[in-house]
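File shown: run-v7.cif (mmCIF, C-alpha atoms).
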```cif
data_my_file
loop_
_atom_site.group_PDB
_atom_site.id
_atom_site.type_symbol
_atom_site.label_atom_id
_atom_site.label_comp_id
_atom_site.auth_asym_id
_atom_site.auth_seq_id
_atom_site.Cartn_x
_atom_site.Cartn_y
_atom_site.Cartn_z
ATOM 1 C CA MET A 1 8.266 31.797 0.042
ATOM 2 C CA ALA A 2 10.608 28.905 0.806
ATOM 3 C CA LYS A 3 7.895 27.237 2.895
ATOM 4 C CA THR A 4 5.378 27.311 0.008
ATOM 5 C CA SER A 5 7.979 25.871 -2.356
ATOM 6 C CA SER A 6 8.729 23.082 0.132
ATOM 7 C CA ILE A 7 5.025 22.231 0.465
ATOM 8 C CA LYS A 8 4.629 22.039 -3.326
ATOM 9 C CA HIS A 9 7.716 19.839 -3.599
ATOM 10 C CA ASN A 10 6.395 17.440 -0.918
ATOM 11 C CA HIS A 11 3.031 17.255 -2.693
ATOM 12 C CA ARG A 12 4.729 16.328 -5.963
ATOM 13 C CA LYS A 13 6.810 13.713 -4.160
ATOM 14 C CA LYS A 14 3.676 12.080 -2.712
ATOM 15 C CA ALA A 15 1.984 12.164 -6.126
ATOM 16 C CA LEU A 16 4.932 10.449 -7.846
ATOM 17 C CA LYS A 17 3.824 7.255 -9.555
ATOM 18 C CA TYR A 18 6.413 4.624 -10.313
ATOM 19 C CA LYS A 19 6.304 3.171 -13.826
ATOM 20 C CA ILE A 20 6.572 -0.593 -14.085
ATOM 21 C CA CYS A 21 7.218 -2.190 -17.463
ATOM 22 C CA VAL A 22 5.772 -5.645 -18.050
ATOM 23 C CA SER A 23 7.906 -7.421 -20.622
ATOM 24 C CA GLY A 24 6.850 -10.765 -22.036
ATOM 25 C CA ALA A 25 5.944 -12.943 -24.964
ATOM 26 C CA ALA A 26 3.620 -11.476 -27.581
ATOM 27 C CA GLU A 27 2.795 -15.057 -28.598
ATOM 28 C CA ILE A 28 2.048 -17.253 -25.603
ATOM 29 C CA GLU A 29 1.808 -20.814 -26.920
ATOM 30 C CA HIS A 30 5.101 -21.772 -25.229
ATOM 31 C CA CYS A 31 4.336 -20.012 -21.936
ATOM 32 C CA ALA A 32 3.309 -21.817 -18.753
ATOM 33 C CA LYS A 33 -0.413 -22.584 -18.477
ATOM 34 C CA ASP A 34 -0.909 -19.985 -15.749
ATOM 35 C CA ALA A 35 1.273 -17.261 -17.346
ATOM 36 C CA VAL A 36 -1.706 -15.248 -18.640
ATOM 37 C CA GLU A 37 -3.405 -15.388 -15.241
ATOM 38 C CA LYS A 38 -0.190 -14.253 -13.542
ATOM 39 C CA ALA A 39 0.253 -11.434 -16.067
ATOM 40 C CA GLU A 40 -3.261 -10.192 -15.261
ATOM 41 C CA THR A 41 -2.438 -10.464 -11.556
ATOM 42 C CA ILE A 42 0.727 -8.386 -11.984
ATOM 43 C CA GLY A 43 -1.274 -5.744 -13.864
ATOM 44 C CA ARG A 44 -3.921 -5.660 -11.134
ATOM 45 C CA LEU A 45 -1.279 -5.394 -8.393
ATOM 46 C CA ILE A 46 0.456 -2.523 -10.215
ATOM 47 C CA ALA A 47 -2.888 -0.671 -10.273
ATOM 48 C CA GLU A 48 -3.597 -1.457 -6.608
ATOM 49 C CA HIS A 49 -0.195 -0.013 -5.653
ATOM 50 C CA GLY A 50 -1.103 3.213 -7.484
ATOM 51 C CA MET A 51 1.668 2.748 -10.034
ATOM 52 C CA VAL A 52 1.604 3.059 -13.827
ATOM 53 C CA LEU A 53 1.927 0.025 -16.087
ATOM 54 C CA VAL A 54 4.098 0.489 -19.170
ATOM 55 C CA THR A 55 3.943 -2.011 -22.050
ATOM 56 C CA GLY A 56 5.137 -2.465 -25.613
ATOM 57 C CA ALA A 57 1.513 -1.943 -26.749
ATOM 58 C CA THR A 58 1.446 -5.487 -28.040
ATOM 59 C CA THR A 59 -0.377 -8.795 -27.774
ATOM 60 C CA GLY A 60 0.248 -11.683 -25.378
ATOM 61 C CA ILE A 61 1.664 -11.199 -21.877
ATOM 62 C CA PRO A 62 1.856 -7.357 -21.984
ATOM 63 C CA TYR A 63 -1.731 -7.241 -23.272
ATOM 64 C CA TRP A 64 -3.042 -9.393 -20.418
ATOM 65 C CA ALA A 65 -1.114 -7.326 -17.873
ATOM 66 C CA ALA A 66 -2.728 -4.200 -19.363
ATOM 67 C CA LYS A 67 -6.159 -5.827 -19.060
ATOM 68 C CA GLY A 68 -5.561 -6.665 -15.393
ATOM 69 C CA CYS A 69 -4.358 -3.130 -14.685
ATOM 70 C CA LYS A 70 -7.253 -1.379 -16.441
ATOM 71 C CA GLU A 71 -9.887 -3.624 -14.848
ATOM 72 C CA ALA A 72 -8.442 -2.641 -11.455
ATOM 73 C CA GLY A 73 -8.714 1.063 -12.338
ATOM 74 C CA GLY A 74 -5.041 1.597 -13.166
ATOM 75 C CA THR A 75 -3.216 3.611 -15.815
ATOM 76 C CA VAL A 76 -1.511 1.950 -18.795
ATOM 77 C CA ILE A 77 0.933 3.576 -21.214
ATOM 78 C CA GLY A 78 2.029 1.704 -24.335
ATOM 79 C CA PHE A 79 5.050 2.277 -26.556
ATOM 80 C CA SER A 80 4.366 1.073 -30.092
ATOM 81 C CA PRO A 81 6.997 0.099 -32.664
ATOM 82 C CA ALA A 82 4.825 1.838 -35.275
ATOM 83 C CA ALA A 83 5.018 5.481 -36.377
ATOM 84 C CA SER A 84 1.234 5.994 -36.383
ATOM 85 C CA LYS A 85 -1.999 4.472 -35.165
ATOM 86 C CA ALA A 86 -2.751 3.317 -38.707
ATOM 87 C CA ALA A 87 0.585 1.460 -38.945
ATOM 88 C CA HIS A 88 0.111 0.104 -35.415
ATOM 89 C CA LEU A 89 -3.191 -1.466 -36.483
ATOM 90 C CA ARG A 90 -2.613 -2.345 -40.154
ATOM 91 C CA THR A 91 1.115 -3.074 -40.457
ATOM 92 C CA TYR A 92 1.972 -4.439 -37.023
ATOM 93 C CA HIS A 93 -1.530 -5.792 -36.230
ATOM 94 C CA LEU A 94 -1.319 -4.661 -32.609
ATOM 95 C CA PRO A 95 -4.170 -3.859 -30.196
ATOM 96 C CA THR A 96 -5.134 -0.474 -28.764
ATOM 97 C CA ASP A 97 -7.551 -1.526 -26.031
ATOM 98 C CA TYR A 98 -6.637 -1.483 -22.316
ATOM 99 C CA HIS A 99 -4.253 1.444 -22.839
ATOM 100 C CA ASP A 100 -4.797 5.050 -21.771
ATOM 101 C CA ILE A 101 -2.009 6.391 -23.971
ATOM 102 C CA ILE A 102 -0.071 4.818 -26.833
ATOM 103 C CA VAL A 103 3.120 6.534 -27.960
ATOM 104 C CA TYR A 104 3.869 5.747 -31.609
ATOM 105 C CA THR A 105 7.665 5.670 -31.606
ATOM 106 C CA GLY A 106 8.290 4.777 -35.253
ATOM 107 C CA PHE A 107 11.464 2.938 -34.175
ATOM 108 C CA ASP A 108 10.362 -0.641 -34.941
ATOM 109 C CA TYR A 109 10.806 -3.262 -32.217
ATOM 110 C CA SER A 110 14.450 -2.758 -31.252
ATOM 111 C CA GLY A 111 14.118 1.023 -30.923
ATOM 112 C CA ARG A 112 10.788 0.668 -29.141
ATOM 113 C CA ASN A 113 12.372 -1.742 -26.643
ATOM 114 C CA LEU A 114 15.007 0.834 -25.689
ATOM 115 C CA ILE A 115 12.437 3.589 -25.102
ATOM 116 C CA LEU A 116 10.115 1.199 -23.272
ATOM 117 C CA THR A 117 12.701 0.034 -20.754
ATOM 118 C CA ARG A 118 14.402 3.411 -20.302
ATOM 119 C CA SER A 119 11.064 5.108 -19.538
ATOM 120 C CA SER A 120 10.351 2.647 -16.718
ATOM 121 C CA ASP A 121 11.488 2.589 -13.104
ATOM 122 C CA ALA A 122 11.579 -1.215 -13.129
ATOM 123 C CA ILE A 123 10.816 -4.195 -15.367
ATOM 124 C CA ILE A 124 8.847 -7.369 -14.709
ATOM 125 C CA THR A 125 9.685 -10.238 -17.087
ATOM 126 C CA ILE A 126 7.011 -12.897 -17.648
ATOM 127 C CA CYS A 127 7.597 -15.797 -20.046
ATOM 128 C CA GLY A 128 9.108 -14.261 -23.184
ATOM 129 C CA ARG A 129 10.964 -14.844 -26.417
ATOM 130 C CA MET A 130 13.907 -13.072 -28.085
ATOM 131 C CA GLY A 131 12.357 -9.584 -27.836
ATOM 132 C CA THR A 132 11.851 -10.102 -24.104
ATOM 133 C CA LEU A 133 15.494 -11.106 -23.776
ATOM 134 C CA ASN A 134 16.429 -7.883 -25.624
ATOM 135 C CA GLU A 135 14.364 -5.835 -23.155
ATOM 136 C CA TYR A 136 15.957 -7.712 -20.257
ATOM 137 C CA THR A 137 19.528 -7.053 -21.437
ATOM 138 C CA ILE A 138 18.814 -3.348 -22.002
ATOM 139 C CA GLY A 139 17.391 -3.091 -18.488
ATOM 140 C CA TYR A 140 20.298 -5.113 -17.107
ATOM 141 C CA GLU A 141 22.900 -2.822 -18.685
ATOM 142 C CA ASP A 142 20.954 0.235 -17.458
ATOM 143 C CA LYS A 143 20.990 -1.251 -13.930
ATOM 144 C CA LYS A 144 17.195 -1.249 -13.700
ATOM 145 C CA PRO A 145 15.512 -3.330 -11.014
ATOM 146 C CA ILE A 146 14.169 -6.382 -12.864
ATOM 147 C CA GLY A 147 11.756 -8.959 -11.493
ATOM 148 C CA VAL A 148 11.746 -12.292 -13.311
ATOM 149 C CA LEU A 149 8.620 -14.384 -12.828
ATOM 150 C CA THR A 150 10.053 -17.892 -12.773
ATOM 151 C CA LYS A 151 8.042 -20.935 -13.861
ATOM 152 C CA SER A 152 6.246 -18.748 -16.427
ATOM 153 C CA GLY A 153 8.038 -20.342 -19.399
ATOM 154 C CA GLY A 154 10.234 -19.072 -22.202
ATOM 155 C CA THR A 155 12.903 -16.455 -21.585
ATOM 156 C CA ALA A 156 11.964 -15.983 -17.921
ATOM 157 C CA ASP A 157 13.052 -19.532 -17.161
ATOM 158 C CA ILE A 158 16.486 -19.255 -18.789
ATOM 159 C CA ILE A 159 17.617 -15.811 -17.623
ATOM 160 C CA ALA A 160 19.276 -17.158 -14.449
ATOM 161 C CA GLY A 161 21.383 -19.508 -16.582
ATOM 162 C CA ILE A 162 22.320 -16.718 -18.988
ATOM 163 C CA ILE A 163 23.457 -14.523 -16.096
ATOM 164 C CA ASP A 164 25.456 -17.399 -14.630
ATOM 165 C CA LYS A 165 27.221 -18.139 -17.924
ATOM 166 C CA SER A 166 27.867 -14.426 -18.559
ATOM 167 C CA PHE A 167 29.942 -14.146 -15.356
ATOM 168 C CA ARG A 168 28.159 -10.949 -14.320
ATOM 169 C CA VAL A 169 26.110 -11.305 -11.176
ATOM 170 C CA SER A 170 23.330 -8.764 -10.678
ATOM 171 C CA GLU A 171 21.743 -8.104 -7.309
ATOM 172 C CA ARG A 172 19.146 -5.978 -9.106
ATOM 173 C CA THR A 173 17.548 -8.967 -10.846
ATOM 174 C CA ILE A 174 15.061 -10.672 -8.533
ATOM 175 C CA PHE A 175 13.609 -14.130 -9.152
ATOM 176 C CA ASN A 176 10.324 -15.414 -7.740
ATOM 177 C CA ASP A 177 7.393 -17.477 -8.993
ATOM 178 C CA ASP A 178 4.835 -15.527 -6.940
ATOM 179 C CA PRO A 179 3.624 -12.301 -8.642
ATOM 180 C CA GLU A 180 2.846 -10.472 -5.406
ATOM 181 C CA LYS A 181 6.137 -11.309 -3.691
ATOM 182 C CA LEU A 182 8.067 -10.446 -6.847
ATOM 183 C CA LEU A 183 6.418 -7.036 -7.223
ATOM 184 C CA ASP A 184 6.880 -6.257 -3.508
ATOM 185 C CA LYS A 185 10.627 -6.886 -3.791
ATOM 186 C CA ILE A 186 10.883 -4.720 -6.891
ATOM 187 C CA ILE A 187 8.977 -1.882 -5.179
ATOM 188 C CA ASP A 188 11.402 -2.079 -2.237
ATOM 189 C CA ILE A 189 14.341 -1.593 -4.629
ATOM 190 C CA ILE A 190 12.650 1.348 -6.398
ATOM 191 C CA ILE A 191 11.866 3.089 -3.102
ATOM 192 C CA HIS A 192 15.454 2.564 -1.944
ATOM 193 C CA ASP A 193 16.735 3.985 -5.255
ATOM 194 C CA TYR A 194 14.623 7.134 -4.901
ATOM 195 C CA LYS A 195 15.757 7.635 -1.303
ATOM 196 C CA GLU A 196 19.367 7.396 -2.471
#
```

Render the structure in this file as structure tokens.
Amino acid sequence: MAKTSSIKHNHRKKALKYKICVSGAAEIEHCAKDAVEKAETIGRLIAEHGMVLVTGATTGIPYWAAKGCKEAGGTVIGFSPAASKAAHLRTYHLPTDYHDIIVYTGFDYSGRNLILTRSSDAIITICGRMGTLNEYTIGYEDKKPIGVLTKSGGTADIIAGIIDKSFRVSERTIFNDDPEKLLDKIIDIIIHDYKE
């Protein structure tokens, strides 16, 4: 009996899919010219690694990451600030395409951000505005592994300075301007965390 239980446990362990949140600007006018392309690349890489992409079910950077993930055959879960699909579409004017599942939280943006980051194993920050900074600080306080895609514009390019001026160094925030290298480092931290 113990042997069967052990086999089932090992199967579940192999089937475990890490959830990576892509956090970024919903409006991308201030982002770097290649930020959308890099967001799509991150989404594709998440799919190729067999992981699940988690987004705020919004426009901009998270949307393009979702597109990249879905086009590579991946799974995308969105957490909406709205309480229903109708409110998601009509009140918040947010998209539903490129997502397999959208959870309608009903907690507006600040509540959604908490659920979004807490449900993820790690966070990738690309470009960003104030909401992205909110997601970053939640993840930071929760000691999540966070990859910051530098040279993508907005919040992503000022986070290092914020950390420095906050006098709280974090070894769990990784900076890189290459999407593949950034994701690889984040995966290494997640795997180490699960082994621990």

field: Given only C-alpha atoms as the counted atoms, nearest of A:Ile191, A:Leu149, A:Ile28, A:Met130 to Thr59 of chain A
entry: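 Comparing A:Ile191, A:Leu149, A:Ile28, A:Met130 against Thr59 of chain A, the winner is A:Ile28.
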
message: For a test of reading the model, state the distance in Å between atom CA of Ile61 of chain A and atom CA of Phe167 of chain A, rounded to one decimal.
response: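 Atom-to-atom, atom CA of Ile61 of chain A and atom CA of Phe167 of chain A are spaced 29.2 Å apart.
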
task: Apply the PyMOL selection byres ((chain A and resi 179) around 12) to the displayed file and report the matching residues as a PyMOL selection string.
output: chain A and resi 22+34-46+65+124-126+147-152+174-178+180-186

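With all atoms listed in the file as the atoms that count, the residue of A:Lys19, A:Arg90, A:Arg112, A:Lys70 with the shortest distance to Ala57 of chain A is A:Arg112.
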
field: Exercise: segment 74-80 of chain A partners within 10 Å, all atoms listed in the file, chain neighbours under 5 positions left out, as a ChimeraX atom specification
entry: /A:19-21,43-58,62-63,65-69,85,87-88,92,94-96,98-109,111-113,115-117,119
